[in-house]
Amino acid sequence: MPRRALILIEGASNGPLYVQAAHRLGFHPIILSADPAQYDYVATEGAEAIRVDTTDLEALIRECSLLRSTYDIAGITSALEAVYATVGRLCRYFGLPGPDPVSIERCCDKVIQRQLLAQANIPIPAYRVAASATDVESAAVEIGLPAIVKPSVGSGSSGVQLCRTVEELAKHATYLLGRTHISQPSPRILVEEFAQGQYYNGDTMGHEVIGVGTAEFDCPPHFVFREVTFPAPLTDDEHKRIADVSLSCLQALGLGWGPANIELRWAKHGPVVIEVNPRLGAGPQLVHLAYGVDLVTEHIKLAIGGKCDLLKKRSHTAAWRYLLPDLDGTLDWIDGNAQAAAVPGVAEVKLYAQPKEPIVRKGDSQDCIGHVTATSPDRTRTETILQHAVDLIRWSITPFPPLDELPGPAQVEPGKR
């Protein structure tokens, strides 16, 4: 009987969790990627990786067809939003359970997403769509400053910035319009009202809200998470309002198969939807630690045609603190992670950066150089554990020299080579 395999299209920050869960469920994980070398967990977690253009549906169909001659493909899925619509098409081609690709595509386009949410009378920030720096400035005049300026496609807070002045607005619009990775013939930029209030995010699976977390951000004008806590401290009424809005988003966007993550702000009149992501949020580990519900495993169960077990098995508080550098430069050293990991209640300490690596902050999720996760039955206790562990981690960064001090081209004496 052929070995059963789970196909993962590309990877993401949650990629190792999918590989580990696949092994626990008895499947051989195979990652199809345009650049398998970028995933260091392929070797450490015992996965197989195959190089293939993951933007080419026909190429993926050919590769999966070849794999079927050796393996019994139980399911196809991904942790990466950018390829999730393609996953849906692959699943339909091979007769496997998966997301609706049209709904995923509409959700991933932030402009279309907002149009559909507005049509369903779901509260969202006022917004305008711009295709030039002039359009951006005109939109900001209509909406008012401060305003959020961001690309219409993307994730991880990449390119998202709070602009308080016309000068900041013009500079960031020029930057977004000039980014080489924007492949649209006419790049679109979203200019949004800055919805002020506490940030929350709802994690859903199918048509069920699993729970609601909250987060604090690092220094503006960017939106880089500093700390995420799950569950959020909410009254029953506040939780119900957020859950109701989250489910309304799923209905409006045609979602409801598999995971989704709804980001909100609690503004003057209640929850305002900032964004809907058709994937797991950044911290399914927090949901697992707090409630005993493994959303990664349950997602895979759906992908292989099984049923989810979303029953909460405990009620703890889990929190995740990101380690964020305060300057650009070269990382000299970082230590204390072993001592932090030994603190009772610490679930994980992970460092992303290594000594002698350059640190260049971009104002998105890639700025983090590590994280610490803690959990306990008590919210205050969890925060105390987390702070104690984080205080044990130290690092040193040598700033880059000023540009005028960098060495120029080598000087060659006349007559010498």
# chains A, B, ... in the order shown; residues from 1 in each chain; ligands from 1
$ residues_around --residues "Gly202 of chain A" --least-positions-apart "2" --cutoff "7 Å" --atoms "only C-alpha atoms" --output "MDAnalysis selection string"
chainID A and resid 200 204 209 211:213 246 261:263
$ write_last_selection --atoms "N, CA, C and O atoms" --output "PDB file, in the first residue's frame"
ATOM      1  N   TYR A 200      -7.809  43.759  18.509  1.00  0.00           N
ATOM      2  CA  TYR A 200      -8.205  42.381  18.805  1.00  0.00           C
ATOM      3  C   TYR A 200      -8.114  41.554  17.531  1.00  0.00           C
ATOM      4  O   TYR A 200      -8.171  42.091  16.422  1.00  0.00           O
ATOM      5  N   THR A 204     -10.870  31.818  13.788  1.00  0.00           N
ATOM      6  CA  THR A 204     -12.022  30.991  13.446  1.00  0.00           C
ATOM      7  C   THR A 204     -11.573  29.724  12.721  1.00  0.00           C
ATOM      8  O   THR A 204     -10.514  29.689  12.097  1.00  0.00           O
ATOM      9  N   VAL A 209     -16.069  30.622  15.939  1.00  0.00           N
ATOM     10  CA  VAL A 209     -15.041  31.476  16.525  1.00  0.00           C
ATOM     11  C   VAL A 209     -14.402  30.722  17.690  1.00  0.00           C
ATOM     12  O   VAL A 209     -15.072  30.405  18.682  1.00  0.00           O
ATOM     13  N   GLY A 211     -11.717  31.764  19.526  1.00  0.00           N
ATOM     14  CA  GLY A 211     -11.389  32.679  20.604  1.00  0.00           C
ATOM     15  C   GLY A 211     -10.934  34.010  20.060  1.00  0.00           C
ATOM     16  O   GLY A 211     -10.771  34.196  18.850  1.00  0.00           O
ATOM     17  N   VAL A 212     -10.727  34.955  20.964  1.00  0.00           N
ATOM     18  CA  VAL A 212     -10.323  36.314  20.596  1.00  0.00           C
ATOM     19  C   VAL A 212      -9.079  36.686  21.386  1.00  0.00           C
ATOM     20  O   VAL A 212      -9.060  36.562  22.626  1.00  0.00           O
ATOM     21  N   GLY A 213      -8.034  37.094  20.684  1.00  0.00           N
ATOM     22  CA  GLY A 213      -6.807  37.548  21.325  1.00  0.00           C
ATOM     23  C   GLY A 213      -6.675  39.056  21.231  1.00  0.00           C
ATOM     24  O   GLY A 213      -7.485  39.745  20.604  1.00  0.00           O
ATOM     25  N   SER A 246     -17.132  38.914  13.449  1.00  0.00           N
ATOM     26  CA  SER A 246     -16.219  37.990  12.775  1.00  0.00           C
ATOM     27  C   SER A 246     -16.986  37.017  11.888  1.00  0.00           C
ATOM     28  O   SER A 246     -16.603  36.768  10.732  1.00  0.00           O
ATOM     29  N   ASN A 261      -8.596  34.537  10.172  1.00  0.00           N
ATOM     30  CA  ASN A 261      -8.183  35.408  11.266  1.00  0.00           C
ATOM     31  C   ASN A 261      -8.716  36.803  10.968  1.00  0.00           C
ATOM     32  O   ASN A 261      -8.434  37.358   9.907  1.00  0.00           O
ATOM     33  N   ILE A 262      -9.506  37.349  11.889  1.00  0.00           N
ATOM     34  CA  ILE A 262     -10.140  38.653  11.679  1.00  0.00           C
ATOM     35  C   ILE A 262      -9.506  39.661  12.629  1.00  0.00           C
ATOM     36  O   ILE A 262      -9.523  39.475  13.850  1.00  0.00           O
ATOM     37  N   GLU A 263      -8.930  40.722  12.075  1.00  0.00           N
ATOM     38  CA  GLU A 263      -8.295  41.774  12.873  1.00  0.00           C
ATOM     39  C   GLU A 263      -9.264  42.933  13.045  1.00  0.00           C
ATOM     40  O   GLU A 263      -9.882  43.390  12.069  1.00  0.00           O
TER      41      GLU A 263
END
$ residues_around --residues "Asp367 of chain A" --least-positions-apart "4" --cutoff "8 Å" --atoms "only C-alpha atoms" --output "short mmCIF file (atom, residue, chain, number, x, y, z; two decimals) with N, CA and C atoms, in the first residue's frame"
data_model
loop_
_atom_site.label_atom_id
_atom_site.label_comp_id
_atom_site.auth_asym_id
_atom_site.auth_seq_id
_atom_site.Cartn_x
_atom_site.Cartn_y
_atom_site.Cartn_z
N VAL A 224 4.22 46.75 13.97
CA VAL A 224 4.94 45.52 14.30
C VAL A 224 4.48 45.08 15.68
N LEU A 324 12.57 42.72 19.71
CA LEU A 324 12.69 43.71 18.64
C LEU A 324 13.91 44.60 18.86
N PRO A 325 14.79 44.68 17.88
CA PRO A 325 15.96 45.56 18.01
C PRO A 325 15.54 47.02 17.91
N VAL A 360 18.49 44.91 9.72
CA VAL A 360 17.95 46.04 8.96
C VAL A 360 16.43 46.04 9.15
N ARG A 361 15.93 46.96 9.92
CA ARG A 361 14.50 47.00 10.21
C ARG A 361 13.74 47.60 9.03
N LYS A 362 12.60 46.98 8.71
CA LYS A 362 11.77 47.44 7.59
C LYS A 362 10.36 47.85 8.04
N GLY A 363 10.10 47.71 9.33
CA GLY A 363 8.77 48.10 9.81
C GLY A 363 7.72 47.05 9.56
#
$ closest_residue --among "A:Leu8, A:Ala34, A:Ala232, A:Lys268" --to "Val87 of chain A" --atoms "only C-alpha atoms"
A:Leu8
$ atom_distance --atom1 "atom CA of Glu348 of chain A" --atom2 "atom CA of Leu295 of chain A"
17.8 Å
$ closest_residue --among "A:Asp364, A:His239, A:His388, A:Ala59" --to "Val160 of chain A" --atoms "only C-alpha atoms"
A:Asp364
$ residues_around --residues "Ile50 of chain A" --least-positions-apart "4" --cutoff "7 Å" --atoms "only C-alpha atoms" --output "VMD selection string"
chain A and resid 31 to 33 36
$ residues_around --residues "segment 3-7 of chain A" --least-positions-apart "5" --cutoff "9 Å" --atoms "only C-alpha atoms" --output "PyMOL selection string"
chain A and resi 19+22+26-32+64+70-78+300+303-304
$ atom_distance --atom1 "atom CA of Pro2 of chain A" --atom2 "atom CA of Val296 of chain A"
24.7 Å
$ closest_residue --among "A:Gln339, A:Ala252, A:Gly144, A:Cys219" --to "Gln119 of chain A" --atoms "only C-alpha atoms"
A:Ala252
$ residues_around --residues "Thr384 of chain A" --least-positions-apart "3" --cutoff "12 Å" --atoms "only C-alpha atoms" --output "ChimeraX atom specification"
/A:317-319,321,343-346,373-376,378-381,387-391
$ write_last_selection --atoms "N, CA, C and O atoms" --output "PDB file, in the first residue's frame"
ATOM      1  N   THR A 317      -4.096  31.395  30.147  1.00  0.00           N
ATOM      2  CA  THR A 317      -3.702  32.578  29.389  1.00  0.00           C
ATOM      3  C   THR A 317      -2.301  32.348  28.844  1.00  0.00           C
ATOM      4  O   THR A 317      -1.397  31.954  29.585  1.00  0.00           O
ATOM      5  N   ALA A 318      -2.139  32.580  27.551  1.00  0.00           N
ATOM      6  CA  ALA A 318      -0.835  32.445  26.909  1.00  0.00           C
ATOM      7  C   ALA A 318      -0.458  33.784  26.276  1.00  0.00           C
ATOM      8  O   ALA A 318      -1.321  34.505  25.775  1.00  0.00           O
ATOM      9  N   ALA A 319       0.827  34.098  26.309  1.00  0.00           N
ATOM     10  CA  ALA A 319       1.294  35.372  25.740  1.00  0.00           C
ATOM     11  C   ALA A 319       2.618  35.160  25.024  1.00  0.00           C
ATOM     12  O   ALA A 319       3.415  34.293  25.384  1.00  0.00           O
ATOM     13  N   ARG A 321       5.864  37.378  23.459  1.00  0.00           N
ATOM     14  CA  ARG A 321       6.597  38.657  23.368  1.00  0.00           C
ATOM     15  C   ARG A 321       7.651  38.548  22.273  1.00  0.00           C
ATOM     16  O   ARG A 321       8.456  37.619  22.259  1.00  0.00           O
ATOM     17  N   VAL A 343      12.807  29.078  32.733  1.00  0.00           N
ATOM     18  CA  VAL A 343      11.864  29.698  33.670  1.00  0.00           C
ATOM     19  C   VAL A 343      10.558  28.896  33.667  1.00  0.00           C
ATOM     20  O   VAL A 343       9.977  28.656  32.603  1.00  0.00           O
ATOM     21  N   PRO A 344      10.073  28.459  34.836  1.00  0.00           N
ATOM     22  CA  PRO A 344       8.803  27.710  34.887  1.00  0.00           C
ATOM     23  C   PRO A 344       7.660  28.522  34.261  1.00  0.00           C
ATOM     24  O   PRO A 344       7.488  29.700  34.583  1.00  0.00           O
ATOM     25  N   GLY A 345       6.922  27.900  33.377  1.00  0.00           N
ATOM     26  CA  GLY A 345       5.828  28.579  32.692  1.00  0.00           C
ATOM     27  C   GLY A 345       6.182  29.057  31.305  1.00  0.00           C
ATOM     28  O   GLY A 345       5.291  29.429  30.529  1.00  0.00           O
ATOM     29  N   VAL A 346       7.474  29.073  30.956  1.00  0.00           N
ATOM     30  CA  VAL A 346       7.894  29.445  29.610  1.00  0.00           C
ATOM     31  C   VAL A 346       7.718  28.236  28.696  1.00  0.00           C
ATOM     32  O   VAL A 346       8.255  27.163  28.961  1.00  0.00           O
ATOM     33  N   THR A 373       7.474  32.719  24.597  1.00  0.00           N
ATOM     34  CA  THR A 373       6.071  32.391  24.853  1.00  0.00           C
ATOM     35  C   THR A 373       5.935  31.838  26.265  1.00  0.00           C
ATOM     36  O   THR A 373       6.754  31.016  26.703  1.00  0.00           O
ATOM     37  N   ALA A 374       4.903  32.293  26.973  1.00  0.00           N
ATOM     38  CA  ALA A 374       4.670  31.829  28.342  1.00  0.00           C
ATOM     39  C   ALA A 374       3.193  31.535  28.536  1.00  0.00           C
ATOM     40  O   ALA A 374       2.337  32.079  27.829  1.00  0.00           O
ATOM     41  N   THR A 375       2.887  30.688  29.517  1.00  0.00           N
ATOM     42  CA  THR A 375       1.486  30.357  29.792  1.00  0.00           C
ATOM     43  C   THR A 375       1.314  29.980  31.254  1.00  0.00           C
ATOM     44  O   THR A 375       2.256  29.498  31.910  1.00  0.00           O
ATOM     45  N   SER A 376       0.106  30.204  31.770  1.00  0.00           N
ATOM     46  CA  SER A 376      -0.259  29.792  33.122  1.00  0.00           C
ATOM     47  C   SER A 376      -1.781  29.908  33.240  1.00  0.00           C
ATOM     48  O   SER A 376      -2.429  30.488  32.360  1.00  0.00           O
ATOM     49  N   ASP A 378      -3.310  31.837  35.124  1.00  0.00           N
ATOM     50  CA  ASP A 378      -3.651  33.185  35.569  1.00  0.00           C
ATOM     51  C   ASP A 378      -3.015  34.228  34.654  1.00  0.00           C
ATOM     52  O   ASP A 378      -1.826  34.147  34.333  1.00  0.00           O
ATOM     53  N   ARG A 379      -3.806  35.236  34.261  1.00  0.00           N
ATOM     54  CA  ARG A 379      -3.311  36.249  33.325  1.00  0.00           C
ATOM     55  C   ARG A 379      -2.143  37.045  33.893  1.00  0.00           C
ATOM     56  O   ARG A 379      -1.121  37.246  33.225  1.00  0.00           O
ATOM     57  N   THR A 380      -2.264  37.493  35.118  1.00  0.00           N
ATOM     58  CA  THR A 380      -1.195  38.285  35.731  1.00  0.00           C
ATOM     59  C   THR A 380       0.070  37.448  35.887  1.00  0.00           C
ATOM     60  O   THR A 380       1.185  37.926  35.648  1.00  0.00           O
ATOM     61  N   ARG A 381      -0.109  36.190  36.268  1.00  0.00           N
ATOM     62  CA  ARG A 381       1.040  35.300  36.427  1.00  0.00           C
ATOM     63  C   ARG A 381       1.739  35.089  35.089  1.00  0.00           C
ATOM     64  O   ARG A 381       2.976  35.077  35.007  1.00  0.00           O
ATOM     65  N   GLN A 387       7.665  38.509  31.374  1.00  0.00           N
ATOM     66  CA  GLN A 387       8.582  39.622  31.573  1.00  0.00           C
ATOM     67  C   GLN A 387       9.899  39.145  32.179  1.00  0.00           C
ATOM     68  O   GLN A 387      10.982  39.597  31.766  1.00  0.00           O
ATOM     69  N   HIS A 388       9.819  38.220  33.128  1.00  0.00           N
ATOM     70  CA  HIS A 388      11.034  37.688  33.756  1.00  0.00           C
ATOM     71  C   HIS A 388      11.923  37.000  32.721  1.00  0.00           C
ATOM     72  O   HIS A 388      13.145  37.210  32.683  1.00  0.00           O
ATOM     73  N   ALA A 389      11.303  36.195  31.841  1.00  0.00           N
ATOM     74  CA  ALA A 389      12.076  35.485  30.827  1.00  0.00           C
ATOM     75  C   ALA A 389      12.697  36.447  29.818  1.00  0.00           C
ATOM     76  O   ALA A 389      13.875  36.300  29.455  1.00  0.00           O
ATOM     77  N   VAL A 390      11.931  37.418  29.388  1.00  0.00           N
ATOM     78  CA  VAL A 390      12.440  38.385  28.406  1.00  0.00           C
ATOM     79  C   VAL A 390      13.602  39.178  28.984  1.00  0.00           C
ATOM     80  O   VAL A 390      14.585  39.470  28.291  1.00  0.00           O
ATOM     81  N   ASP A 391      13.532  39.518  30.268  1.00  0.00           N
ATOM     82  CA  ASP A 391      14.601  40.290  30.911  1.00  0.00           C
ATOM     83  C   ASP A 391      15.924  39.522  30.955  1.00  0.00           C
ATOM     84  O   ASP A 391      16.991  40.131  31.111  1.00  0.00           O
TER      85      ASP A 391
END
$ closest_atom_pairs --of "segment 236-318 of chain A" --to "segment 95-117 of chain A" --cutoff "10 Å" --atoms "only C-alpha atoms" --output "Markdown table"
| residue | atom | partner | partner_atom | distance |
| --- | --- | --- | --- | --- |
| A:Ser248 | CA | A:Leu117 | CA | 8.7 |
| A:Cys249 | CA | A:Leu117 | CA | 6.6 |
| A:Leu250 | CA | A:Leu117 | CA | 9.5 |
| A:Gln251 | CA | A:Leu117 | CA | 9.5 |
| A:Ala252 | CA | A:Leu117 | CA | 6.1 |
| A:Leu253 | CA | A:Ser103 | CA | 6.3 |
| A:Gly254 | CA | A:Ser103 | CA | 5.5 |
| A:Leu255 | CA | A:Ser103 | CA | 6.4 |
| A:Gly256 | CA | A:Pro99 | CA | 8.4 |
| A:Trp257 | CA | A:Pro99 | CA | 5.7 |
| A:Gly258 | CA | A:Pro99 | CA | 6.9 |
| A:Pro259 | CA | A:Pro99 | CA | 9.5 |
| A:Val273 | CA | A:Leu117 | CA | 8.7 |
| A:Ile274 | CA | A:Arg114 | CA | 9.1 |
| A:Glu275 | CA | A:Lys110 | CA | 7.8 |
| A:Val276 | CA | A:Cys107 | CA | 7.1 |
| A:Asn277 | CA | A:Cys107 | CA | 7.1 |
| A:Pro278 | CA | A:Ile104 | CA | 6.5 |
| A:Arg279 | CA | A:Ile104 | CA | 9.5 |
| A:His299 | CA | A:Gly98 | CA | 10.0 |
| A:Lys301 | CA | A:Pro97 | CA | 9.9 |
| A:Leu302 | CA | A:Pro97 | CA | 7.0 |
| A:Ala303 | CA | A:Pro97 | CA | 5.4 |
| A:Ile304 | CA | A:Pro97 | CA | 6.7 |
| A:Gly305 | CA | A:Pro97 | CA | 6.0 |
| A:Gly306 | CA | A:Pro97 | CA | 9.3 |
$ write_last_selection --atoms "C-alpha atoms" --output "short mmCIF file (atom, residue, chain, number, x, y, z; two decimals), in the first residue's frame"
data_model
loop_
_atom_site.label_atom_id
_atom_site.label_comp_id
_atom_site.auth_asym_id
_atom_site.auth_seq_id
_atom_site.Cartn_x
_atom_site.Cartn_y
_atom_site.Cartn_z
CA SER A 248 -20.51 38.24 9.52
CA CYS A 249 -17.15 38.78 7.79
CA LEU A 250 -16.90 35.09 6.89
CA GLN A 251 -20.39 35.16 5.40
CA ALA A 252 -19.78 38.36 3.44
CA LEU A 253 -16.52 37.04 1.97
CA GLY A 254 -17.74 33.53 1.19
CA LEU A 255 -15.34 31.98 3.68
CA GLY A 256 -16.19 29.25 6.15
CA TRP A 257 -13.99 26.33 5.13
CA GLY A 258 -10.83 26.06 7.19
CA PRO A 259 -9.14 28.77 9.23
CA VAL A 273 -12.88 45.35 11.07
CA ILE A 274 -9.37 46.21 9.91
CA GLU A 275 -8.64 43.10 7.86
CA VAL A 276 -9.71 39.51 7.26
CA ASN A 277 -7.01 36.92 6.57
CA PRO A 278 -8.05 33.54 5.07
CA ARG A 279 -5.49 31.60 7.12
CA HIS A 299 -6.79 22.38 9.62
CA LYS A 301 -7.83 17.09 9.42
CA LEU A 302 -10.17 19.16 7.24
CA ALA A 303 -7.74 18.98 4.32
CA ILE A 304 -7.78 15.16 4.43
CA GLY A 305 -11.57 14.99 4.70
CA GLY A 306 -11.81 14.51 8.46
#
$ closest_residue --among "A:Glu10, A:Ala290, A:Phe217, A:Pro187" --to "Glu48 of chain A" --atoms "only C-alpha atoms"
A:Glu10
$ closest_residue --among "A:Ser315, A:Thr214, A:Thr330, A:Gln198" --to "Gly283 of chain A" --atoms "only C-alpha atoms"
A:Thr214
$ residues_around --residues "Asp332 of chain A" --least-positions-apart "3" --cutoff "7 Å" --atoms "only C-alpha atoms" --output "list in words"
Pro355, Lys356, Ser396, Ile397 and Thr398 of chain A
$ atom_distance --atom1 "atom CA of Gly336 of chain A" --atom2 "atom CA of Ser157 of chain A"
28.7 Å
$ closest_residue --among "A:Ala131, A:Ile189, A:Ala79, A:Ala126" --to "Pro151 of chain A" --atoms "only C-alpha atoms"
A:Ile189
$ select_by_dssp --residues "segment 155-306 of chain A" --states "alpha helix (DSSP H)" --output "PDB file with C-alpha atoms, in the first residue's frame"
ATOM      1  CA  VAL A 166       1.357  65.385   4.014  1.00  0.00           C
ATOM      2  CA  GLU A 167       5.133  64.980   3.761  1.00  0.00           C
ATOM      3  CA  GLU A 168       5.042  61.504   5.356  1.00  0.00           C
ATOM      4  CA  LEU A 169       2.159  60.619   3.078  1.00  0.00           C
ATOM      5  CA  ALA A 170       3.953  61.638  -0.104  1.00  0.00           C
ATOM      6  CA  LYS A 171       7.175  59.889   0.901  1.00  0.00           C
ATOM      7  CA  HIS A 172       5.488  56.600   1.727  1.00  0.00           C
ATOM      8  CA  ALA A 173       3.290  56.674  -1.384  1.00  0.00           C
ATOM      9  CA  THR A 174       6.385  57.162  -3.535  1.00  0.00           C
ATOM     10  CA  TYR A 175       8.061  54.249  -1.764  1.00  0.00           C
ATOM     11  CA  LEU A 176       5.094  51.915  -2.305  1.00  0.00           C
ATOM     12  CA  LEU A 177       4.724  52.875  -5.955  1.00  0.00           C
ATOM     13  CA  GLY A 178       8.416  52.212  -6.521  1.00  0.00           C
ATOM     14  CA  ASP A 236     -19.236  38.446  27.704  1.00  0.00           C
ATOM     15  CA  ASP A 237     -20.935  41.227  25.746  1.00  0.00           C
ATOM     16  CA  GLU A 238     -17.669  42.443  24.188  1.00  0.00           C
ATOM     17  CA  HIS A 239     -16.726  38.900  23.190  1.00  0.00           C
ATOM     18  CA  LYS A 240     -20.145  38.327  21.635  1.00  0.00           C
ATOM     19  CA  ARG A 241     -19.955  41.533  19.602  1.00  0.00           C
ATOM     20  CA  ILE A 242     -16.520  40.655  18.246  1.00  0.00           C
ATOM     21  CA  ALA A 243     -17.597  37.064  17.520  1.00  0.00           C
ATOM     22  CA  ASP A 244     -20.752  38.232  15.729  1.00  0.00           C
ATOM     23  CA  VAL A 245     -18.815  40.669  13.544  1.00  0.00           C
ATOM     24  CA  SER A 246     -16.219  37.990  12.775  1.00  0.00           C
ATOM     25  CA  LEU A 247     -18.864  35.519  11.613  1.00  0.00           C
ATOM     26  CA  SER A 248     -20.511  38.236   9.517  1.00  0.00           C
ATOM     27  CA  CYS A 249     -17.146  38.776   7.785  1.00  0.00           C
ATOM     28  CA  LEU A 250     -16.900  35.091   6.892  1.00  0.00           C
ATOM     29  CA  GLN A 251     -20.387  35.156   5.398  1.00  0.00           C
ATOM     30  CA  ALA A 252     -19.775  38.359   3.442  1.00  0.00           C
ATOM     31  CA  LEU A 253     -16.522  37.038   1.968  1.00  0.00           C
ATOM     32  CA  PRO A 284      -1.823  29.215  16.787  1.00  0.00           C
ATOM     33  CA  GLN A 285       0.533  28.075  19.565  1.00  0.00           C
ATOM     34  CA  LEU A 286      -1.193  30.558  21.883  1.00  0.00           C
ATOM     35  CA  VAL A 287      -4.596  29.034  21.146  1.00  0.00           C
ATOM     36  CA  HIS A 288      -3.128  25.588  21.807  1.00  0.00           C
ATOM     37  CA  LEU A 289      -1.520  26.635  25.096  1.00  0.00           C
ATOM     38  CA  ALA A 290      -4.605  28.513  26.309  1.00  0.00           C
ATOM     39  CA  TYR A 291      -7.398  26.180  25.213  1.00  0.00           C
ATOM     40  CA  LEU A 295      -5.683  24.634  15.034  1.00  0.00           C
ATOM     41  CA  VAL A 296      -2.876  23.426  12.752  1.00  0.00           C
ATOM     42  CA  THR A 297      -3.806  19.792  13.312  1.00  0.00           C
ATOM     43  CA  GLU A 298      -7.503  20.560  12.895  1.00  0.00           C
ATOM     44  CA  HIS A 299      -6.793  22.380   9.624  1.00  0.00           C
ATOM     45  CA  ILE A 300      -4.947  19.329   8.316  1.00  0.00           C
ATOM     46  CA  LYS A 301      -7.833  17.089   9.416  1.00  0.00           C
ATOM     47  CA  LEU A 302     -10.173  19.165   7.245  1.00  0.00           C
ATOM     48  CA  ALA A 303      -7.742  18.980   4.317  1.00  0.00           C
TER      49      ALA A 303
END
$ decode --residues "segment 63-74 of chain A" --atoms "N, CA, C and O atoms" --output "short mmCIF file (atom, residue, chain, number, x, y, z; two decimals), in the first residue's frame"
data_model
loop_
_atom_site.label_atom_id
_atom_site.label_comp_id
_atom_site.auth_asym_id
_atom_site.auth_seq_id
_atom_site.Cartn_x
_atom_site.Cartn_y
_atom_site.Cartn_z
N GLU A 63 3.37 18.05 -11.05
CA GLU A 63 4.18 17.52 -9.96
C GLU A 63 3.34 16.64 -9.04
O GLU A 63 3.78 15.56 -8.62
N CYS A 64 2.14 17.09 -8.71
CA CYS A 64 1.27 16.29 -7.84
C CYS A 64 0.86 14.99 -8.53
O CYS A 64 0.74 13.94 -7.88
N SER A 65 0.66 15.05 -9.85
CA SER A 65 0.31 13.84 -10.60
C SER A 65 1.45 12.84 -10.56
O SER A 65 1.23 11.62 -10.41
N LEU A 66 2.68 13.34 -10.67
CA LEU A 66 3.85 12.45 -10.57
C LEU A 66 3.94 11.83 -9.17
O LEU A 66 4.24 10.64 -9.04
N LEU A 67 3.67 12.64 -8.16
CA LEU A 67 3.75 12.13 -6.78
C LEU A 67 2.70 11.05 -6.52
O LEU A 67 2.92 10.14 -5.71
N ARG A 68 1.57 11.14 -7.20
CA ARG A 68 0.50 10.16 -6.99
C ARG A 68 0.92 8.76 -7.46
O ARG A 68 0.31 7.77 -7.05
N SER A 69 1.95 8.69 -8.31
CA SER A 69 2.41 7.37 -8.75
C SER A 69 3.21 6.67 -7.66
O SER A 69 3.43 5.46 -7.72
N THR A 70 3.64 7.45 -6.67
CA THR A 70 4.44 6.89 -5.57
C THR A 70 3.70 6.95 -4.24
O THR A 70 3.86 6.05 -3.40
N TYR A 71 2.91 7.99 -4.04
CA TYR A 71 2.24 8.21 -2.76
C TYR A 71 0.72 8.23 -2.93
O TYR A 71 0.21 8.52 -4.01
N ASP A 72 0.06 7.98 -1.83
CA ASP A 72 -1.37 8.24 -1.72
C ASP A 72 -1.51 9.64 -1.14
O ASP A 72 -1.25 9.85 0.04
N ILE A 73 -1.86 10.61 -1.99
CA ILE A 73 -1.97 11.99 -1.53
C ILE A 73 -3.27 12.16 -0.75
O ILE A 73 -4.36 12.14 -1.30
N ALA A 74 -3.12 12.33 0.57
CA ALA A 74 -4.28 12.43 1.45
C ALA A 74 -4.89 13.82 1.42
O ALA A 74 -6.10 14.00 1.61
#
